[in-house]
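J.: Pasting start36.cif here (mmCIF, C-alpha atoms):
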data_structure
loop_
_atom_site.label_atom_id
_atom_site.label_comp_id
_atom_site.auth_asym_id
_atom_site.auth_seq_id
_atom_site.Cartn_x
_atom_site.Cartn_y
_atom_site.Cartn_z
CA MET A 1 103.86 110.93 -54.57
CA ASP A 2 102.55 110.41 -58.10
CA SER A 3 99.17 111.93 -57.19
CA ILE A 4 100.09 114.52 -54.54
CA ARG A 5 98.68 117.98 -55.18
CA THR A 6 101.30 120.70 -55.52
CA GLU A 7 99.87 122.77 -52.67
CA VAL A 8 99.95 119.77 -50.31
CA HIS A 9 103.56 119.00 -51.26
CA ASP A 10 104.55 122.64 -50.78
CA PHE A 11 102.73 122.89 -47.43
CA TYR A 12 104.59 119.94 -45.90
CA ALA A 13 107.89 120.90 -47.49
CA GLY A 14 107.44 124.35 -45.95
CA LEU A 15 107.11 122.75 -42.52
CA GLY A 16 110.46 121.02 -43.02
CA THR A 17 108.93 117.58 -43.53
CA LYS A 18 111.26 115.07 -45.17
CA ILE A 19 109.65 114.19 -48.47
CA VAL A 20 110.51 110.81 -49.97
CA ASP A 21 109.49 110.39 -53.60
CA GLU A 22 108.97 106.71 -54.42
CA SER A 23 106.68 107.35 -57.40
CA HIS A 24 109.07 105.43 -59.66
CA ASP A 25 107.98 102.22 -57.88
CA GLN A 26 104.59 101.26 -59.30
CA ASP A 27 104.77 97.65 -58.06
CA THR A 28 103.86 98.49 -54.46
CA THR A 29 101.06 100.55 -52.97
CA ASP A 30 101.51 103.82 -51.13
CA LEU A 31 100.68 102.05 -47.87
CA HIS A 32 103.34 99.41 -48.57
CA LYS A 33 105.90 102.16 -49.11
CA CYS A 34 104.90 103.88 -45.85
CA VAL A 35 105.05 100.70 -43.78
CA ALA A 36 108.40 99.73 -45.31
CA PHE A 37 109.74 103.23 -44.52
CA ILE A 38 108.59 102.95 -40.90
CA ARG A 39 110.10 99.46 -40.63
CA ASP A 40 113.41 100.59 -42.09
CA CYS A 41 113.60 103.67 -39.83
CA THR A 42 112.69 101.92 -36.57
CA PRO A 43 115.72 100.68 -34.65
CA ASN A 44 115.21 97.36 -32.86
CA LEU A 45 111.86 96.86 -34.54
CA GLU A 46 111.32 93.49 -32.86
CA LYS A 47 111.62 95.18 -29.45
CA ALA A 48 109.69 98.32 -30.32
CA ASN A 49 106.15 98.60 -29.02
CA LEU A 50 105.06 99.89 -32.41
CA CYS A 51 101.50 99.91 -33.70
CA ILE A 52 100.59 101.45 -37.04
CA LEU A 53 97.00 102.67 -37.21
CA VAL A 54 95.83 103.20 -40.79
CA ALA A 55 92.76 105.43 -40.88
CA GLY A 56 90.59 105.39 -43.99
CA ALA A 57 91.99 102.04 -45.12
CA LEU A 58 88.55 100.53 -45.63
CA GLY A 59 85.28 101.65 -47.15
CA GLY A 60 86.42 102.80 -50.57
CA ARG A 61 87.26 100.93 -53.73
CA PHE A 62 87.45 97.19 -53.12
CA ASP A 63 90.78 96.82 -54.95
CA HIS A 64 92.29 99.38 -52.57
CA GLU A 65 90.79 97.58 -49.57
CA ALA A 66 92.20 94.26 -50.78
CA GLY A 67 95.59 95.91 -51.30
CA ASN A 68 95.49 97.31 -47.76
CA ILE A 69 94.55 93.91 -46.32
CA ASN A 70 97.41 92.40 -48.32
CA ILE A 71 99.80 94.73 -46.43
CA LEU A 72 98.88 92.91 -43.22
CA TYR A 73 100.16 89.70 -44.81
CA ARG A 74 103.23 91.34 -46.35
CA PHE A 75 104.35 92.63 -42.92
CA PRO A 76 103.08 89.90 -40.56
CA THR A 77 105.54 90.71 -37.75
CA MET A 78 104.38 94.33 -37.52
CA ARG A 79 101.22 95.33 -35.65
CA ILE A 80 99.14 97.15 -38.26
CA ILE A 81 95.49 98.03 -37.69
CA LEU A 82 93.23 99.07 -40.55
CA ILE A 83 90.31 101.18 -39.37
CA SER A 84 87.19 102.64 -40.93
CA ASP A 85 84.05 104.29 -39.62
CA ASP A 86 82.54 100.83 -39.15
CA CYS A 87 85.25 98.37 -38.14
CA LEU A 88 88.88 97.62 -37.57
CA ILE A 89 90.94 94.75 -38.95
CA HIS A 90 94.30 93.31 -37.98
CA LEU A 91 96.24 90.14 -38.62
CA LEU A 92 96.50 87.38 -36.05
CA PRO A 93 99.68 85.49 -37.00
CA ARG A 94 99.50 81.72 -36.58
CA THR A 95 102.74 81.81 -34.57
CA HIS A 96 101.00 83.27 -31.49
CA HIS A 97 98.24 82.47 -29.03
CA HIS A 98 96.24 85.71 -29.05
CA GLU A 99 94.53 87.43 -26.14
CA ILE A 100 92.47 90.33 -27.45
CA CYS A 101 91.35 92.88 -24.87
CA ILE A 102 88.01 94.31 -25.89
CA GLN A 103 87.46 98.01 -25.23
CA SER A 104 83.67 97.78 -25.13
CA SER A 105 83.20 101.55 -25.00
CA VAL A 106 84.62 101.87 -28.53
CA GLU A 107 84.42 98.44 -30.18
CA GLY A 108 82.17 95.46 -30.56
CA PRO A 109 80.08 93.53 -30.14
CA HIS A 110 80.13 92.19 -33.74
CA CYS A 111 83.31 90.42 -34.80
CA GLY A 112 84.74 87.88 -37.18
CA LEU A 113 87.73 85.68 -37.94
CA ILE A 114 88.58 85.23 -41.60
CA PRO A 115 91.24 82.97 -43.13
CA ILE A 116 92.64 84.56 -46.28
CA GLY A 117 95.38 82.96 -48.30
CA PHE A 118 95.43 79.60 -46.59
CA PRO A 119 92.71 77.55 -44.91
CA SER A 120 92.78 76.99 -41.19
CA GLY A 121 92.74 73.33 -40.24
CA SER A 122 92.11 74.17 -36.60
CA THR A 123 90.94 77.37 -34.94
CA SER A 124 89.79 77.63 -31.32
CA THR A 125 88.42 80.64 -29.47
CA THR A 126 87.08 81.70 -26.09
CA GLY A 127 85.03 84.76 -25.25
CA LEU A 128 82.70 84.64 -28.26
CA GLN A 129 79.01 83.86 -28.34
CA TRP A 130 79.77 81.13 -30.88
CA ASP A 131 83.22 79.88 -29.89
CA LEU A 132 85.20 77.78 -32.33
CA ASN A 133 86.60 74.46 -31.13
CA ASN A 134 89.31 73.09 -33.43
CA THR A 135 87.16 74.34 -36.30
CA GLU A 136 88.25 74.16 -39.93
CA MET A 137 87.79 77.40 -41.86
CA SER A 138 88.55 78.42 -45.42
CA PHE A 139 87.61 80.99 -48.01
CA GLY A 140 84.92 79.23 -50.00
CA GLY A 141 83.98 77.26 -46.87
CA LEU A 142 83.22 78.28 -43.31
CA VAL A 143 84.36 81.72 -42.13
CA SER A 144 83.43 83.14 -38.74
CA THR A 145 81.34 86.23 -39.43
CA SER A 146 78.65 88.02 -37.42
CA ASN A 147 79.95 86.58 -34.15
CA ILE A 148 79.54 88.47 -30.87
CA VAL A 149 82.12 89.20 -28.17
CA LYS A 150 80.77 88.22 -24.75
CA GLY A 151 83.18 89.96 -22.40
CA GLU A 152 86.39 91.92 -22.15
CA LYS A 153 88.75 89.24 -23.50
CA VAL A 154 88.77 86.98 -26.54
CA THR A 155 91.40 84.30 -27.09
CA VAL A 156 92.30 82.87 -30.49
CA ARG A 157 94.59 80.02 -31.44
CA SER A 158 94.90 78.88 -35.06
CA ASP A 159 97.23 76.96 -37.33
CA SER A 160 96.79 79.67 -39.99
CA ASN A 161 97.02 83.44 -40.15
CA LEU A 162 93.59 84.97 -39.59
CA LEU A 163 92.07 88.41 -39.98
CA TRP A 164 90.37 89.64 -36.82
CA THR A 165 87.64 92.18 -37.44
CA ILE A 166 85.44 93.93 -34.91
CA SER A 167 82.84 96.64 -35.24
CA VAL A 168 83.65 100.19 -34.14
CA LYS A 169 81.02 102.10 -32.19
CA LYS A 170 79.89 105.43 -33.60
CA SER A 171 79.81 107.06 -30.15
CA TRP A 172 83.62 107.52 -29.98
CA GLN A 173 83.81 109.31 -33.33
CA MET A 174 83.64 113.09 -33.44
#
Go ahead and render the structure in this file as C-alpha cells.
T.:
Amino acid sequence: MDSIRTEVHDFYAGLGTKIVDESHDQDTTDLHKCVAFIRDCTPNLEKANLCILVAGALGGRFDHEAGNINILYRFPTMRIILISDDCLIHLLPRTHHHEICIQSSVEGPHCGLIPIGFPSGSTSTTGLQWDLNNTEMSFGGLVSTSNIVKGEKVTVRSDSNLLWTISVKKSWQM
C-alpha cells in the first residue's frame, strides 16, 4: 500500500473492498503479503483445492522476478503459478512425484526444470524429448532448459525442489 495511487485506493474502498495496509512491513514483498493473507484466511488450507495465479509476475525488473520466484520457495505447500506473456513457472516440491498434464492448446512445447537453492542429486522425467534419468543438476552446473514436451503428460521425480517452466502460446491471449 506504500505506492497505491489515491484514486485506486478510493475506487476499491468505494466498492466496499477490505483494505489491509501492511506498508509498515518493508521486509516482505507485496506478493508475500498477499499470499500470506490468502493462507491465513483460507480454512483447512491443506484440504483446499487452492491455486494462486499471479499474472504479470515475470518480464519486468529482474530483482522483482527473483523476489516473486522466492515466494514459491517461501510457501512451498501452496500451489502458486507465476505467469507472463511468454511462460509460466511453478514449484515442484521434492516431497511429491509430479504428473503434469500439458494443455497443448495453451502451453508448450518448450519447457525446463531448474534447481534453485539446492542442487538436485537425482532427477528423473518422462514425457520430454530429452528425459532425465537420475540426473544431477545444479545452478552453475547442468540445468534442463530448452527441453520439449512430447505429449499430454510429463512426470518428474527429484530429491530437490525444482522450478518447472513451460512456454505459453500467444494464441490464447486476447
J.: Please measure the separation of CA of Leu113 (chain A) and CA of Cys34 (chain A), giving the value in Å to one decimal.
T.: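 Separation between CA of Leu113 (chain A) and CA of Cys34 (chain A): 26.2 Å.
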J.: Please write as a compact mmCIF listing (two decimals) with C-alpha atoms, in the frame of the given file the full residue list that the PyMOL selection byres ((chain A and resi 109) around 6) yields on this file.
T.:
# COMPACT_ATOMS: atom_id res chain seq x y z
CA GLY A 108 82.17 95.46 -30.56
CA HIS A 110 80.13 92.19 -33.74
CA ILE A 148 79.54 88.47 -30.87
CA VAL A 149 82.12 89.20 -28.17
J.: Quick one, how far is CA of Ile38 (chain A) from CA of His9 (chain A)?
T.: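 Computing the Euclidean distance for CA of Ile38 (chain A) and CA of His9 (chain A) yields 19.8 Å.
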J.: Expand the PyMOL selection byres ((chain A and resi 69) around 9) into the explicit residue set it covers here, and present it as a compact mmCIF listing (two decimals) with C-alpha atoms, in the frame of the given file.
T.:
# COMPACT_ATOMS: atom_id res chain seq x y z
CA ALA A 57 91.99 102.04 -45.12
CA LEU A 58 88.55 100.53 -45.63
CA HIS A 64 92.29 99.38 -52.57
CA GLU A 65 90.79 97.58 -49.57
CA ALA A 66 92.20 94.26 -50.78
CA GLY A 67 95.59 95.91 -51.30
CA ASN A 68 95.49 97.31 -47.76
CA ASN A 70 97.41 92.40 -48.32
CA ILE A 71 99.80 94.73 -46.43
CA LEU A 72 98.88 92.91 -43.22
CA TYR A 73 100.16 89.70 -44.81
CA LEU A 82 93.23 99.07 -40.55
CA ILE A 89 90.94 94.75 -38.95
CA HIS A 90 94.30 93.31 -37.98
CA LEU A 91 96.24 90.14 -38.62
CA LEU A 163 92.07 88.41 -39.98
J.: Starting from the PyMOL selection byres ((chain A and resi 126) around 8), expand the selection into actual residues of this file and give them as a PyMOL selection string.
T.: chain A and resi 124-125+127-128+131-132+154-156
J.: So what do you get for CA of Phe139 (chain A) versus CA of Ile114 (chain A), distance-wise?
T.: 7.7 Å
J.: List the spatial neighbours of Val143 (chain A) as a ChimeraX atom specification - criterion: any atom at most 9 Å away, only C-alpha atoms, same-chain residues fewer than 2 positions off excluded.
T.: /A:112-115,136-141,145
J.: Add whatever atoms are absent from region 22-44 of chain A to reach N, CA, C and O atoms, and provide the output as a tab-separated table (two decimals), in the frame of the given file.
T.:
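Output saved as rebuild-v4.tsv:
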chain	number	residue	atom	x	y	z
A	22	GLU	N	108.83	108.09	-53.96
A	22	GLU	CA	108.97	106.71	-54.42
A	22	GLU	C	108.04	106.44	-55.60
A	22	GLU	O	107.68	105.29	-55.86
A	23	SER	N	107.66	107.50	-56.32
A	23	SER	CA	106.68	107.35	-57.40
A	23	SER	C	107.20	106.50	-58.55
A	23	SER	O	106.41	105.99	-59.35
A	24	HIS	N	108.51	106.30	-58.62
A	24	HIS	CA	109.07	105.43	-59.66
A	24	HIS	C	108.68	103.96	-59.45
A	24	HIS	O	108.67	103.18	-60.38
A	25	ASP	N	108.34	103.60	-58.21
A	25	ASP	CA	107.98	102.22	-57.88
A	25	ASP	C	106.47	102.07	-58.00
A	25	ASP	O	105.72	102.46	-57.11
A	26	GLN	N	106.01	101.48	-59.09
A	26	GLN	CA	104.59	101.26	-59.30
A	26	GLN	C	104.17	99.82	-58.99
A	26	GLN	O	103.03	99.43	-59.25
A	27	ASP	N	105.08	99.04	-58.40
A	27	ASP	CA	104.77	97.65	-58.06
A	27	ASP	C	104.30	97.47	-56.63
A	27	ASP	O	103.92	96.37	-56.24
A	28	THR	N	104.37	98.54	-55.83
A	28	THR	CA	103.86	98.49	-54.46
A	28	THR	C	102.92	99.65	-54.25
A	28	THR	O	103.00	100.68	-54.93
A	29	THR	N	102.03	99.50	-53.27
A	29	THR	CA	101.06	100.55	-52.97
A	29	THR	C	101.71	101.62	-52.10
A	29	THR	O	102.78	101.43	-51.53
A	30	ASP	N	101.02	102.75	-51.99
A	30	ASP	CA	101.51	103.82	-51.13
A	30	ASP	C	101.61	103.35	-49.68
A	30	ASP	O	102.56	103.68	-48.98
A	31	LEU	N	100.63	102.56	-49.24
A	31	LEU	CA	100.68	102.05	-47.87
A	31	LEU	C	101.88	101.13	-47.68
A	31	LEU	O	102.56	101.20	-46.65
A	32	HIS	N	102.16	100.28	-48.64
A	32	HIS	CA	103.34	99.41	-48.57
A	32	HIS	C	104.60	100.24	-48.40
A	32	HIS	O	105.46	99.94	-47.57
A	33	LYS	N	104.72	101.29	-49.19
A	33	LYS	CA	105.90	102.16	-49.11
A	33	LYS	C	106.01	102.81	-47.73
A	33	LYS	O	107.10	102.91	-47.17
A	34	CYS	N	104.89	103.25	-47.19
A	34	CYS	CA	104.90	103.88	-45.85
A	34	CYS	C	105.31	102.89	-44.77
A	34	CYS	O	106.13	103.21	-43.91
A	35	VAL	N	104.73	101.71	-44.80
A	35	VAL	CA	105.05	100.70	-43.78
A	35	VAL	C	106.51	100.28	-43.89
A	35	VAL	O	107.21	100.14	-42.88
A	36	ALA	N	106.99	100.10	-45.11
A	36	ALA	CA	108.40	99.73	-45.31
A	36	ALA	C	109.32	100.84	-44.79
A	36	ALA	O	110.36	100.56	-44.17
A	37	PHE	N	108.95	102.10	-45.01
A	37	PHE	CA	109.74	103.23	-44.52
A	37	PHE	C	109.79	103.22	-42.99
A	37	PHE	O	110.85	103.39	-42.39
A	38	ILE	N	108.64	103.01	-42.36
A	38	ILE	CA	108.59	102.95	-40.90
A	38	ILE	C	109.44	101.79	-40.39
A	38	ILE	O	110.22	101.94	-39.46
A	39	ARG	N	109.30	100.62	-41.02
A	39	ARG	CA	110.10	99.46	-40.63
A	39	ARG	C	111.59	99.76	-40.74
A	39	ARG	O	112.36	99.48	-39.82
A	40	ASP	N	111.99	100.34	-41.85
A	40	ASP	CA	113.41	100.59	-42.09
A	40	ASP	C	113.99	101.68	-41.19
A	40	ASP	O	115.19	101.73	-40.97
A	41	CYS	N	113.13	102.56	-40.67
A	41	CYS	CA	113.60	103.67	-39.83
A	41	CYS	C	113.43	103.41	-38.34
A	41	CYS	O	113.73	104.28	-37.52
A	42	THR	N	112.92	102.24	-37.98
A	42	THR	CA	112.69	101.92	-36.57
A	42	THR	C	113.79	101.01	-36.06
A	42	THR	O	113.85	99.84	-36.44
A	43	PRO	N	114.68	101.55	-35.20
A	43	PRO	CA	115.72	100.68	-34.65
A	43	PRO	C	115.10	99.63	-33.72
A	43	PRO	O	114.11	99.91	-33.04
A	44	ASN	N	115.69	98.45	-33.71
A	44	ASN	CA	115.21	97.36	-32.86
A	44	ASN	C	113.71	97.13	-33.01
A	44	ASN	O	112.97	97.07	-32.02
